[in-house]
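A short worksheet on the structure shown next.
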Amino acid sequence: MGRRPKVERRQVLTAARELFGARGYEATTLAAIAAKVGVTPSALLRHAATKQELFEAAFAPEAPRIRLPIEFLSSVDAARRDPATVLRRVGESFVPFFEHVLGETMALWMRSNALRIEAPDRLPLVFDRDHGPTPPQQAIALLESYFRRASRAGRLRVRDPKAAAVAFLGTLQAYVLLHRIARAIDPPLPLPRYLDALVETWLGGIAPAAAPEKP
């Protein structure tokens, strides 16, 4: 019987981070993490002596850099690309990303709250806010830059690109929060349907044209 391939520490920490984010601390087992990387639970002990230690290592500041799925915006030809196509791709990329990050944030918050590590008024984040720009700041900057370029090219009319970037990303985050946290929509609204309405509203507007005044 052949030997199992060696697993790098980075792979273990990435798998642990993903599962802790998706299931939370209590529901995530060492066996599940081990299965994800193809090793036995005992093999994980070489990387962390306990589940708590593995949790802390997975969310440590030196963990792999969060790569934004909307970095493609920096190379988009704003003069030629259809804004509807660009904004839809932003939504399709950002919503799953934010749902994943939200899961990691909630896992951090719940675990730190259980251990009373953090002050009650401080929500642990999956990125170091003392060393910016943080992923949220980067996401806003990417979309703001696209709005500026598209506006200069005459493809969009955006008076305040920064505010528009915050507003658009906020609507994408709202989709995740309403489904995952508030559970306000049952059954869940499919993401494609949501993006159809969002892009239509942003690019076409929902207010009817003003009717001519009667003499």
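Chains: A, B, ... in order of the structure tokens. Residues: from 1 per chain. Ligands: from 1, in order shown.
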Check your understanding: region 38-42 of chain A: which residues within 12 Å, counting only C-alpha atoms, same-chain residues fewer than 6 positions away excluded, as an MDAnalysis selection string?
Key -> chainID A and resid 3:8 11:12 15 29:32 48:51
Keeping only C-alpha atoms, write those residues as an mmCIF file, in the first residue's frame.
```
data_model
loop_
_atom_site.group_PDB
_atom_site.id
_atom_site.type_symbol
_atom_site.label_atom_id
_atom_site.label_comp_id
_atom_site.auth_asym_id
_atom_site.auth_seq_id
_atom_site.Cartn_x
_atom_site.Cartn_y
_atom_site.Cartn_z
ATOM 1 C CA ARG A 3 2.182 6.141 1.351
ATOM 2 C CA ARG A 4 -0.143 9.111 1.485
ATOM 3 C CA PRO A 5 1.299 12.265 -0.048
ATOM 4 C CA LYS A 6 2.601 14.815 2.417
ATOM 5 C CA VAL A 7 0.328 17.771 3.055
ATOM 6 C CA GLU A 8 1.773 21.228 3.519
ATOM 7 C CA GLN A 11 -3.079 23.348 2.818
ATOM 8 C CA VAL A 12 -4.146 22.278 6.294
ATOM 9 C CA ALA A 15 -8.931 23.650 4.706
ATOM 10 C CA THR A 29 -14.256 18.287 13.573
ATOM 11 C CA LEU A 30 -10.627 17.409 13.130
ATOM 12 C CA ALA A 31 -11.806 14.384 11.173
ATOM 13 C CA ALA A 32 -13.611 16.629 8.688
ATOM 14 C CA ALA A 48 -1.639 21.818 15.781
ATOM 15 C CA ALA A 49 -1.979 19.989 19.076
ATOM 16 C CA THR A 50 -5.675 20.843 19.555
ATOM 17 C CA LYS A 51 -8.637 22.042 17.538
#
```
Check your understanding: For Gln138 (chain A), which of A:Asp77, A:Glu71, A:Asp186, A:Glu200 is the closest residue, counting only C-alpha atoms?
Key -> A:Glu71
Exercise for review: Run DSSP on the backbone of this structure and report the residues of region 48-197 of chain A it assigns to alpha helix (DSSP H), as a count of residues only.
Suggested key: 82
Just the residues within 9 Å of Ser145 (chain A), please, counting only C-alpha atoms, with nothing from its chain fewer than 2 positions along; format it as a CSV table (one decimal) with N, CA and C atoms, in the first residue's frame.
```
chain,number,residue,atom,x,y,z
A,73,LEU,N,-11.7,43.9,-12.3
A,73,LEU,CA,-12.1,45.3,-12.6
A,73,LEU,C,-11.0,46.2,-13.0
A,74,SER,N,-9.8,45.9,-12.5
A,74,SER,CA,-8.7,46.8,-12.8
A,74,SER,C,-8.3,46.8,-14.2
A,140,ILE,N,-14.0,48.3,-2.6
A,140,ILE,CA,-14.6,49.6,-2.9
A,140,ILE,C,-13.7,50.4,-3.9
A,141,ALA,N,-12.4,50.4,-3.7
A,141,ALA,CA,-11.5,51.1,-4.6
A,141,ALA,C,-11.6,50.6,-6.0
A,142,LEU,N,-11.7,49.3,-6.2
A,142,LEU,CA,-11.7,48.7,-7.5
A,142,LEU,C,-13.0,49.1,-8.2
A,143,LEU,N,-14.1,49.0,-7.5
A,143,LEU,CA,-15.4,49.4,-8.2
A,143,LEU,C,-15.5,50.9,-8.4
A,147,PHE,N,-16.2,52.7,-12.0
A,147,PHE,CA,-17.2,53.7,-12.2
A,147,PHE,C,-16.6,55.0,-12.8
A,148,ARG,N,-15.5,55.4,-12.3
A,148,ARG,CA,-14.8,56.7,-12.8
A,148,ARG,C,-14.5,56.5,-14.3
A,149,ARG,N,-13.9,55.4,-14.7
A,149,ARG,CA,-13.5,55.1,-16.0
A,149,ARG,C,-14.7,55.0,-17.0
A,150,ALA,N,-15.7,54.3,-16.5
A,150,ALA,CA,-16.9,54.2,-17.3
A,150,ALA,C,-17.7,55.5,-17.5
A,161,PRO,N,-18.5,58.5,-7.7
A,161,PRO,CA,-18.1,57.1,-7.9
A,161,PRO,C,-17.9,56.3,-6.6
A,162,LYS,N,-17.3,57.0,-5.6
A,162,LYS,CA,-17.1,56.3,-4.3
A,162,LYS,C,-18.4,55.9,-3.7
A,165,ALA,N,-19.9,53.0,-5.5
A,165,ALA,CA,-19.3,51.8,-5.2
A,165,ALA,C,-19.7,51.2,-3.9
```
Exercise for review: State, in Å with one decimal place, the distance from CA of Phe168 (chain A) to CA of Leu203 (chain A).
Suggested key: 11.6 Å
Check your understanding: Quick one: residues within 12 Å of Thr171 (chain A), only C-alpha atoms counted, chain neighbours fewer than 6 positions away excluded, as a ChimeraX atom specification?
Key -> /A:87,90-91,94-95,98,164-165,177-178,194-195,197-199,201-202
Review point. Of the candidates A:Val86, A:Ala163, A:Val37, A:Ala58, which one gets nearest to Ala107 (chain A) if we count only C-alpha atoms?
Key: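 Of the candidates, the smallest distance to Ala107 (chain A) is held by A:Ala58.
Between CA of Ala22 (chain A) and CA of His100 (chain A) the separation is 7.0 Å.
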Check your understanding: A:Arg155, A:Arg17, A:Arg46, A:Arg67: which is nearest Ala84 (chain A), counting only C-alpha atoms?
Key ->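 With only C-alpha atoms as the atom set, the closest residue is A:Arg155.
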Check your understanding: Counting only C-alpha atoms, what is within 10 Å of Ala79 (chain A), bar same-chain residues fewer than 3 positions away, as a list in words?
Key ->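 Those residues are Val76, Asp82, Pro83, Arg149, Ala150, Ser151, Arg152, Ala153, Gly154, Arg155 and Leu156 of chain A.
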Exercise for review: Have a look at CA of Leu54 (chain A) and CA of Gln137 (chain A) and let me know their distance in Å, one decimal.
Suggested key: 28.2 Å
